[in-house]
$ cat entry.csv   # CSV, C-alpha atoms
chain,number,residue,atom,x,y,z
A,1,MET,CA,-37.6,0.1,-28.0
A,2,LYS,CA,-36.7,0.7,-24.4
A,3,ASN,CA,-34.7,-2.5,-24.3
A,4,LYS,CA,-32.8,-1.5,-27.5
A,5,SER,CA,-32.1,1.9,-26.1
A,6,SER,CA,-30.9,0.4,-22.8
A,7,LEU,CA,-28.7,-2.0,-24.7
A,8,MET,CA,-27.2,0.8,-26.8
A,9,THR,CA,-26.5,2.9,-23.7
A,10,ARG,CA,-24.7,0.0,-22.1
A,11,LEU,CA,-22.6,-0.7,-25.2
A,12,ALA,CA,-21.7,3.0,-25.5
A,13,GLY,CA,-20.6,3.1,-21.9
A,14,ALA,CA,-18.6,-0.2,-22.2
A,15,PRO,CA,-15.3,1.4,-23.4
A,16,TYR,CA,-15.3,3.8,-20.4
A,17,ILE,CA,-16.0,1.0,-18.0
A,18,VAL,CA,-13.1,-1.1,-19.4
A,19,TRP,CA,-10.8,2.0,-19.3
A,20,ALA,CA,-11.8,2.6,-15.6
A,21,ILE,CA,-11.2,-1.0,-14.7
A,22,ILE,CA,-7.8,-1.2,-16.4
A,23,PHE,CA,-6.4,2.2,-15.4
A,24,ILE,CA,-8.2,2.9,-12.0
A,25,ILE,CA,-9.5,-0.3,-10.3
A,26,VAL,CA,-6.6,-2.6,-11.2
A,27,PRO,CA,-3.8,-0.1,-10.1
A,28,LEU,CA,-5.7,0.6,-6.8
A,29,CYS,CA,-5.9,-3.1,-6.2
A,30,MET,CA,-2.2,-3.6,-6.9
A,31,VAL,CA,-1.4,-0.8,-4.4
A,32,ALA,CA,-3.5,-2.4,-1.8
A,33,TYR,CA,-1.9,-5.8,-2.5
A,34,TYR,CA,1.7,-4.6,-2.1
A,35,ALA,CA,0.8,-2.5,0.9
A,36,PHE,CA,-0.3,-5.6,2.9
A,37,THR,CA,2.3,-8.1,1.7
A,38,ASP,CA,6.1,-8.5,2.1
A,39,LYS,CA,8.6,-9.2,-0.6
A,40,SER,CA,7.7,-12.9,-0.5
A,41,GLY,CA,4.0,-12.1,-1.1
A,42,ALA,CA,3.0,-13.1,2.5
A,43,PHE,CA,0.3,-11.1,4.2
A,44,THR,CA,1.7,-8.6,6.8
A,45,PHE,CA,1.0,-5.4,8.6
A,46,ASP,CA,4.6,-4.4,9.0
A,47,ASN,CA,4.5,-2.0,6.1
A,48,MET,CA,1.6,-0.1,7.6
A,49,LEU,CA,3.4,0.0,11.0
A,50,ASP,CA,6.5,1.5,9.3
A,51,ILE,CA,4.4,4.4,8.2
A,52,GLY,CA,4.7,5.8,11.7
A,53,LYS,CA,8.3,6.8,10.9
A,54,TYR,CA,7.1,9.3,8.3
A,55,THR,CA,4.3,10.9,10.4
A,56,ASP,CA,6.2,14.3,10.4
A,57,THR,CA,6.6,14.1,6.6
A,58,ILE,CA,2.9,13.4,6.1
A,59,VAL,CA,1.9,16.3,8.4
A,60,LEU,CA,4.3,18.6,6.5
A,61,SER,CA,2.9,17.5,3.2
A,62,VAL,CA,-0.7,18.2,4.3
A,63,TRP,CA,0.2,21.5,5.8
A,64,LEU,CA,2.1,22.8,2.8
A,65,GLY,CA,-0.6,21.5,0.4
A,66,LEU,CA,-3.3,23.2,2.5
A,67,LEU,CA,-1.4,26.4,2.6
A,68,ALA,CA,-0.9,26.4,-1.1
A,69,THR,CA,-4.6,25.6,-1.7
A,70,VAL,CA,-5.7,28.5,0.6
A,71,ILE,CA,-3.4,30.9,-1.2
A,72,CYS,CA,-4.8,29.7,-4.6
A,73,LEU,CA,-8.3,30.3,-3.3
A,74,VAL,CA,-7.5,33.9,-2.2
A,75,ILE,CA,-6.0,34.7,-5.5
A,76,ALA,CA,-8.5,32.8,-7.7
A,77,TYR,CA,-11.8,33.9,-6.2
A,78,PRO,CA,-11.7,37.6,-7.0
A,79,LEU,CA,-10.1,36.9,-10.4
A,80,ALA,CA,-12.8,34.4,-11.3
A,81,MET,CA,-15.5,36.9,-10.2
A,82,ILE,CA,-13.9,39.6,-12.4
A,83,MET,CA,-13.8,37.2,-15.4
A,84,ALA,CA,-17.4,36.2,-14.9
A,85,ASN,CA,-18.5,39.8,-15.0
A,86,LYS,CA,-16.6,40.7,-18.3
A,87,GLY,CA,-17.9,40.4,-21.8
A,88,PRO,CA,-17.4,37.2,-23.9
A,89,LYS,CA,-14.3,38.5,-25.8
A,90,LYS,CA,-12.5,39.6,-22.6
A,91,GLN,CA,-13.5,36.3,-20.9
A,92,SER,CA,-12.0,34.3,-23.8
A,93,THR,CA,-8.8,36.4,-23.7
A,94,MET,CA,-8.4,36.1,-19.9
A,95,THR,CA,-9.1,32.3,-20.0
A,96,MET,CA,-6.5,31.9,-22.7
A,97,ILE,CA,-3.9,33.8,-20.7
A,98,ILE,CA,-4.6,31.6,-17.7
A,99,MET,CA,-4.3,28.5,-19.8
A,100,LEU,CA,-1.1,29.5,-21.6
A,101,PRO,CA,1.3,28.3,-18.9
A,102,MET,CA,-0.4,25.0,-18.8
A,103,TRP,CA,0.6,24.4,-22.5
A,104,MET,CA,4.2,24.4,-21.4
A,105,ASN,CA,5.7,21.2,-19.9
A,106,PHE,CA,5.4,21.0,-16.1
A,107,LEU,CA,9.1,20.3,-15.7
A,108,LEU,CA,10.1,23.3,-17.7
A,109,ARG,CA,7.8,25.5,-15.6
A,110,THR,CA,9.4,24.3,-12.4
A,111,TYR,CA,12.9,24.7,-13.8
A,112,SER,CA,12.1,28.3,-14.8
A,113,TRP,CA,11.3,29.0,-11.1
A,114,MET,CA,14.6,27.5,-10.1
A,115,THR,CA,16.3,30.0,-12.4
A,116,ILE,CA,14.3,32.9,-11.0
A,117,LEU,CA,14.7,32.0,-7.3
A,118,GLU,CA,18.3,30.9,-7.2
A,119,ASP,CA,20.8,33.2,-5.3
A,120,ASN,CA,22.0,34.8,-8.5
A,121,GLY,CA,18.5,34.8,-10.1
A,122,LEU,CA,16.5,37.8,-11.3
A,123,LEU,CA,14.1,37.9,-8.3
A,124,THR,CA,16.7,37.2,-5.6
A,125,THR,CA,19.2,39.6,-7.1
A,126,THR,CA,16.6,42.4,-7.3
A,127,ILE,CA,15.4,41.9,-3.7
A,128,ASN,CA,19.0,41.8,-2.3
A,129,SER,CA,19.9,44.9,-4.2
A,130,VAL,CA,17.1,46.7,-2.5
A,131,VAL,CA,18.2,45.2,0.9
A,132,ASP,CA,21.8,46.4,0.3
A,133,GLY,CA,20.5,49.9,-0.4
A,134,ILE,CA,18.4,50.0,2.7
A,135,ASN,CA,21.4,48.7,4.8
A,136,LYS,CA,23.6,51.5,3.4
A,137,LEU,CA,21.0,54.2,4.1
A,138,THR,CA,19.8,53.0,7.5
A,139,GLN,CA,22.6,50.7,8.9
A,140,TRP,CA,19.9,48.2,9.8
A,141,GLY,CA,22.0,45.2,8.9
A,142,ILE,CA,19.2,43.2,7.1
A,143,GLU,CA,20.5,39.8,6.0
A,144,PRO,CA,20.4,38.9,2.3
A,145,ILE,CA,17.3,37.0,1.2
A,146,HIS,CA,17.6,33.3,0.3
A,147,LEU,CA,14.6,32.0,-1.7
A,148,ILE,CA,15.6,28.7,-3.3
A,149,ASN,CA,15.6,25.5,-1.3
A,150,THR,CA,13.0,26.8,1.2
A,151,ARG,CA,9.5,25.7,2.0
A,152,GLY,CA,8.2,29.1,0.8
A,153,ALA,CA,9.7,28.3,-2.7
A,154,VAL,CA,7.8,24.9,-2.6
A,155,VAL,CA,4.5,26.6,-1.8
A,156,LEU,CA,5.2,29.2,-4.5
A,157,GLY,CA,5.8,26.4,-7.0
A,158,MET,CA,2.5,24.7,-6.0
A,159,VAL,CA,0.5,27.9,-6.3
A,160,TYR,CA,2.0,28.7,-9.7
A,161,ASN,CA,1.5,25.3,-11.2
A,162,PHE,CA,-2.0,24.5,-9.7
A,163,LEU,CA,-3.6,28.0,-9.7
A,164,PRO,CA,-5.5,27.5,-13.0
A,165,TYR,CA,-7.2,24.4,-11.4
A,166,MET,CA,-8.7,26.8,-8.8
A,167,ILE,CA,-9.6,29.6,-11.1
A,168,LEU,CA,-11.4,27.7,-13.9
A,169,PRO,CA,-14.0,25.8,-11.7
A,170,ILE,CA,-15.0,28.9,-9.7
A,171,TYR,CA,-15.2,30.9,-12.9
A,172,THR,CA,-17.4,28.3,-14.6
A,173,VAL,CA,-19.8,28.1,-11.7
A,174,MET,CA,-20.0,31.9,-11.4
A,175,LEU,CA,-20.6,32.2,-15.2
A,176,LYS,CA,-23.5,29.7,-15.0
A,177,SER,CA,-25.1,31.1,-11.9
A,178,ASP,CA,-28.5,32.8,-12.1
A,179,ARG,CA,-27.9,36.5,-12.4
A,180,SER,CA,-31.5,37.2,-11.6
A,181,LEU,CA,-30.8,36.2,-8.0
A,182,ILE,CA,-28.1,38.9,-7.7
A,183,GLU,CA,-30.4,41.5,-9.3
A,184,ALA,CA,-33.2,40.5,-6.9
A,185,ALA,CA,-31.0,41.0,-3.9
A,186,GLN,CA,-30.0,44.4,-5.2
A,187,ASP,CA,-33.6,45.4,-5.8
A,188,LEU,CA,-34.4,44.4,-2.2
A,189,GLY,CA,-31.9,46.9,-0.9
A,190,GLY,CA,-28.8,44.7,-0.4
A,191,ASN,CA,-25.5,46.5,-0.6
A,192,LYS,CA,-22.5,45.0,-2.5
A,193,PHE,CA,-21.2,43.3,0.6
A,194,ASP,CA,-24.6,41.8,1.5
A,195,VAL,CA,-25.1,40.5,-2.1
A,196,PHE,CA,-21.6,39.1,-2.1
A,197,LYS,CA,-22.0,37.3,1.2
A,198,ASN,CA,-25.6,36.1,0.9
A,199,VAL,CA,-25.8,35.4,-2.9
A,200,THR,CA,-22.5,35.2,-4.7
A,201,VAL,CA,-20.6,33.1,-2.2
A,202,PRO,CA,-23.4,30.5,-1.7
A,203,LEU,CA,-23.8,30.1,-5.5
A,204,SER,CA,-20.1,29.7,-6.0
A,205,VAL,CA,-19.6,27.0,-3.3
A,206,PRO,CA,-19.6,24.0,-5.8
A,207,GLY,CA,-16.8,25.7,-7.8
A,208,VAL,CA,-14.8,26.5,-4.7
A,209,VAL,CA,-15.2,22.9,-3.5
A,210,SER,CA,-14.1,21.5,-6.8
A,211,GLY,CA,-11.2,23.9,-7.1
A,212,PHE,CA,-10.1,23.2,-3.5
A,213,THR,CA,-9.9,19.5,-4.2
A,214,MET,CA,-8.2,19.8,-7.6
A,215,VAL,CA,-5.4,21.9,-6.0
A,216,PHE,CA,-5.1,20.2,-2.7
A,217,VAL,CA,-4.8,16.6,-4.0
A,218,PRO,CA,-1.8,17.2,-6.4
A,219,SER,CA,-0.2,19.6,-3.9
A,220,VAL,CA,-0.1,16.9,-1.2
A,221,SER,CA,1.2,14.2,-3.5
A,222,THR,CA,3.7,16.3,-5.5
A,223,PHE,CA,7.4,15.4,-5.4
A,224,TYR,CA,9.1,17.1,-8.3
A,225,ILE,CA,8.3,20.7,-7.1
A,226,SER,CA,9.7,19.9,-3.6
A,227,GLN,CA,12.8,18.3,-5.1
A,228,LYS,CA,13.7,21.2,-7.4
A,229,LEU,CA,12.5,24.1,-5.3
A,230,GLY,CA,12.8,22.8,-1.7
A,231,GLY,CA,16.0,20.8,-1.9
A,232,THR,CA,16.9,18.3,0.8
A,233,GLY,CA,15.4,20.5,3.5
A,234,THR,CA,11.8,20.0,2.3
A,235,THR,CA,11.0,16.3,1.9
A,236,LEU,CA,7.3,15.5,1.2
A,237,ILE,CA,5.4,12.3,1.2
A,238,GLY,CA,5.6,12.1,-2.6
A,239,ASP,CA,9.4,12.3,-2.4
A,240,ILE,CA,9.5,9.3,0.1
A,241,ILE,CA,7.2,7.3,-2.2
A,242,GLU,CA,9.3,8.0,-5.3
A,243,THR,CA,12.5,7.0,-3.4
A,244,GLN,CA,11.0,3.7,-2.3
A,245,PHE,CA,10.1,2.8,-5.9
A,246,GLN,CA,13.0,4.3,-7.8
A,247,THR,CA,16.0,4.0,-5.4
A,248,ALA,CA,15.3,1.7,-2.5
A,249,TYR,CA,13.2,-0.7,-4.6
A,250,ASN,CA,11.0,-1.3,-1.5
A,251,TYR,CA,7.7,-1.5,-3.4
A,252,ASN,CA,5.8,-2.7,-0.4
A,253,LEU,CA,6.6,0.3,1.8
A,254,GLY,CA,6.1,2.6,-1.1
A,255,ALA,CA,2.7,1.0,-1.8
A,256,SER,CA,1.7,1.3,1.9
A,257,LEU,CA,2.6,5.0,1.9
A,258,SER,CA,0.6,5.5,-1.3
A,259,PHE,CA,-2.3,3.6,0.2
A,260,VAL,CA,-2.4,5.9,3.2
A,261,LEU,CA,-2.1,8.9,1.0
A,262,MET,CA,-4.9,7.6,-1.1
A,263,ILE,CA,-7.1,7.2,2.0
A,264,LEU,CA,-6.4,10.8,3.0
A,265,ILE,CA,-7.4,11.9,-0.5
A,266,PHE,CA,-10.6,9.9,-0.4
A,267,ILE,CA,-11.4,11.4,3.0
A,268,CYS,CA,-10.8,14.9,1.5
A,269,LEU,CA,-13.1,14.1,-1.4
A,270,ALA,CA,-15.8,12.8,0.9
A,271,VAL,CA,-15.6,15.9,3.1
A,272,MET,CA,-15.6,18.3,0.1
A,273,ASN,CA,-18.6,16.5,-1.5
A,274,LYS,CA,-20.6,17.3,1.7
A,275,PHE,CA,-20.3,21.0,0.8
A,276,SER,CA,-21.1,20.6,-2.9
A,277,ASP,CA,-24.4,21.4,-4.5
A,278,ASP,CA,-27.5,19.3,-3.6
A,279,ASP,CA,-28.3,18.4,-7.3
A,280,GLY,CA,-26.0,15.4,-7.2
A,281,GLY,CA,-22.9,17.3,-8.1
A,282,VAL,CA,-19.7,15.6,-6.9
A,283,VAL,CA,-16.1,16.6,-6.8
A,284,ILE,CA,-14.0,14.9,-9.5

$ encode --input "entry.csv" --output "structure tokens"
Amino acid sequence: MKNKSSLMTRLAGAPYIVWAIIFIIVPLCMVAYYAFTDKSGAFTFDNMLDIGKYTDTIVLSVWLGLLATVICLVIAYPLAMIMANKGPKKQSTMTMIIMLPMWMNFLLRTYSWMTILEDNGLLTTTINSVVDGINKLTQWGIEPIHLINTRGAVVLGMVYNFLPYMILPIYTVMLKSDRSLIEAAQDLGGNKFDVFKNVTVPLSVPGVVSGFTMVFVPSVSTFYISQKLGGTGTTLIGDIIETQFQTAYNYNLGASLSFVLMILIFICLAVMNKFSDDDGGVVI
């Protein structure tokens, strides 16, 4: 019986193994192959050496991705805690509200922010109207605000598009956490800050780690947000990779940049997993 059960388990897992091989292992191997070969297929390190030209771009991508991730965490943590403490009906409503923007196409969401942030857009026009009013009253001479095609607009686009990926993991972990531990801390005389610091935060670490990774990874590798909201002044590593594949047709350099980015992501996953729970939980 055990052998039959083991055989059935292997057969049930076979489709997933095949899927992983075709769509994960094979593409990764192709990236590694092109990264270490030239156009003739000969082995070379020249592509990897050329990455040094884009060091500033890589650093900028990591910096903006990290900044967007931290902002998402600051916004998501209190919201997830509020959701976890609400009743089931309110939790469902709040979850649906958070998920609604994700039902809209990613490109449309980014285009909508272009309309909002452009110089004659709703947000910029409103802010500049206030600025003009202040200048007339005080003679301070504040310059008009320009929002589109800035790094701030890129970070805003990242936060807007990836915020749900931070909220939902933290909310899920908080919802499943043992409430008796919080009640015990309160019974032992802990105030709200002590309970939050010593009980709530440690229990929510796996959700924070998962959310951090799920936001940081796409933020670092994004290219469409930077193209539409950052303009030519904010070029990220994803933009360089897309250019190499779509315009320059230099697949080898594009693959080498992708390979380095992939290594950075794996390092991030390894570091984040060190802070995950001790029950075998990993960041996906």

$ closest_residue --input "entry.csv" --among "A:Gly231, A:Thr200, A:Gly157, A:Met262" --to "A:Ser180" --atoms "all atoms listed in the file"
A:Thr200

$ residues_around --input "entry.csv" --residues "A:Asn47" --least-positions-apart "3" --cutoff "9 Å" --atoms "all atoms listed in the file" --output "ChimeraX atom specification"
/A:35-38,44,50-51,252-257

$ closest_residue --input "entry.csv" --among "A:Leu100, A:Val217, A:Leu117, A:Cys29" --to "A:Leu66" --atoms "all atoms listed in the file"
A:Val217

$ residues_around --input "entry.csv" --residues "A:Met99" --least-positions-apart "3" --cutoff "12 Å" --atoms "all atoms listed in the file" --output "list in words"
Ser92, Thr93, Met94, Thr95, Met96, Met102, Trp103, Met104, Tyr160, Asn161, Phe162, Leu163, Pro164, Tyr165, Met166, Ile167 and Leu168 of chain A

$ atom_distance --input "entry.csv" --atom1 "atom CA of A:Val195" --atom2 "atom CA of A:Asp178"
13.1 Å

$ residues_around --input "entry.csv" --residues "A:Thr232" --least-positions-apart "3" --cutoff "8 Å" --atoms "all atoms listed in the file" --output "ChimeraX atom specification"
/A:149,227,235

$ closest_residue --input "entry.csv" --among "A:Ser204, A:Thr138, A:Asn120, A:Gln244" --to "A:Met174" --atoms "all atoms listed in the file"
A:Ser204

$ atom_distance --input "entry.csv" --atom1 "atom CA of A:Gly121" --atom2 "atom CA of A:Ile148"
9.6 Å

$ closest_residue --input "entry.csv" --among "A:Ser40, A:Ser219, A:Thr110, A:Ser129" --to "A:Leu67" --atoms "all atoms listed in the file"
A:Ser219

$ closest_residue --input "entry.csv" --among "A:Met158, A:Leu269, A:Leu181, A:Leu123" --to "A:Pro218" --atoms "only C-alpha atoms"
A:Met158

$ residues_around --input "entry.csv" --residues "A:Glu143" --least-positions-apart "5" --cutoff "9 Å" --atoms "all atoms listed in the file" --output "ChimeraX atom specification"
/A:128,131-132

$ closest_residue --input "entry.csv" --among "A:Gly133, A:Gly233, A:Pro206, A:Gly65" --to "A:Thr172" --atoms "only C-alpha atoms"
A:Pro206

$ atom_distance --input "entry.csv" --atom1 "atom CA of A:Lys228" --atom2 "atom CA of A:Tyr111"
7.3 Å

$ residues_around --input "entry.csv" --residues "stretch 265-268 of chain A" --least-positions-apart "4" --cutoff "8 Å" --atoms "all atoms listed in the file" --output "JSON, numbers by chain"
{"A": [213, 217, 261, 272]}

$ decode --input "entry.csv" --residues "stretch 234-261 of chain A" --atoms "C-alpha atoms" --output "PDB file, in the first residue's frame"
ATOM      1  CA  THR A 234      15.011  57.462 -15.196  1.00  0.00           C
ATOM      2  CA  THR A 235      16.456  54.415 -16.913  1.00  0.00           C
ATOM      3  CA  LEU A 236      16.383  51.208 -14.870  1.00  0.00           C
ATOM      4  CA  ILE A 237      18.038  47.864 -15.464  1.00  0.00           C
ATOM      5  CA  GLY A 238      14.785  46.471 -16.864  1.00  0.00           C
ATOM      6  CA  ASP A 239      14.809  49.188 -19.534  1.00  0.00           C
ATOM      7  CA  ILE A 240      18.355  48.272 -20.565  1.00  0.00           C
ATOM      8  CA  ILE A 241      17.473  44.576 -20.808  1.00  0.00           C
ATOM      9  CA  GLU A 242      14.359  45.320 -22.881  1.00  0.00           C
ATOM     10  CA  THR A 243      16.380  47.545 -25.212  1.00  0.00           C
ATOM     11  CA  GLN A 244      18.996  44.838 -25.762  1.00  0.00           C
ATOM     12  CA  PHE A 245      16.338  42.297 -26.730  1.00  0.00           C
ATOM     13  CA  GLN A 246      13.832  44.484 -28.577  1.00  0.00           C
ATOM     14  CA  THR A 247      15.949  47.196 -30.254  1.00  0.00           C
ATOM     15  CA  ALA A 248      19.670  46.409 -30.178  1.00  0.00           C
ATOM     16  CA  TYR A 249      19.131  42.673 -30.755  1.00  0.00           C
ATOM     17  CA  ASN A 250      22.116  41.983 -28.525  1.00  0.00           C
ATOM     18  CA  TYR A 251      20.702  38.916 -26.820  1.00  0.00           C
ATOM     19  CA  ASN A 252      24.020  38.031 -25.209  1.00  0.00           C
ATOM     20  CA  LEU A 253      24.414  41.309 -23.333  1.00  0.00           C
ATOM     21  CA  GLY A 254      20.718  41.304 -22.462  1.00  0.00           C
ATOM     22  CA  ALA A 255      21.055  37.782 -21.094  1.00  0.00           C
ATOM     23  CA  SER A 256      24.147  38.717 -19.063  1.00  0.00           C
ATOM     24  CA  LEU A 257      22.287  41.648 -17.485  1.00  0.00           C
ATOM     25  CA  SER A 258      19.331  39.353 -16.789  1.00  0.00           C
ATOM     26  CA  PHE A 259      21.718  36.804 -15.278  1.00  0.00           C
ATOM     27  CA  VAL A 260      23.183  39.372 -12.868  1.00  0.00           C
ATOM     28  CA  LEU A 261      19.716  40.611 -11.963  1.00  0.00           C
TER      29      LEU A 261
END
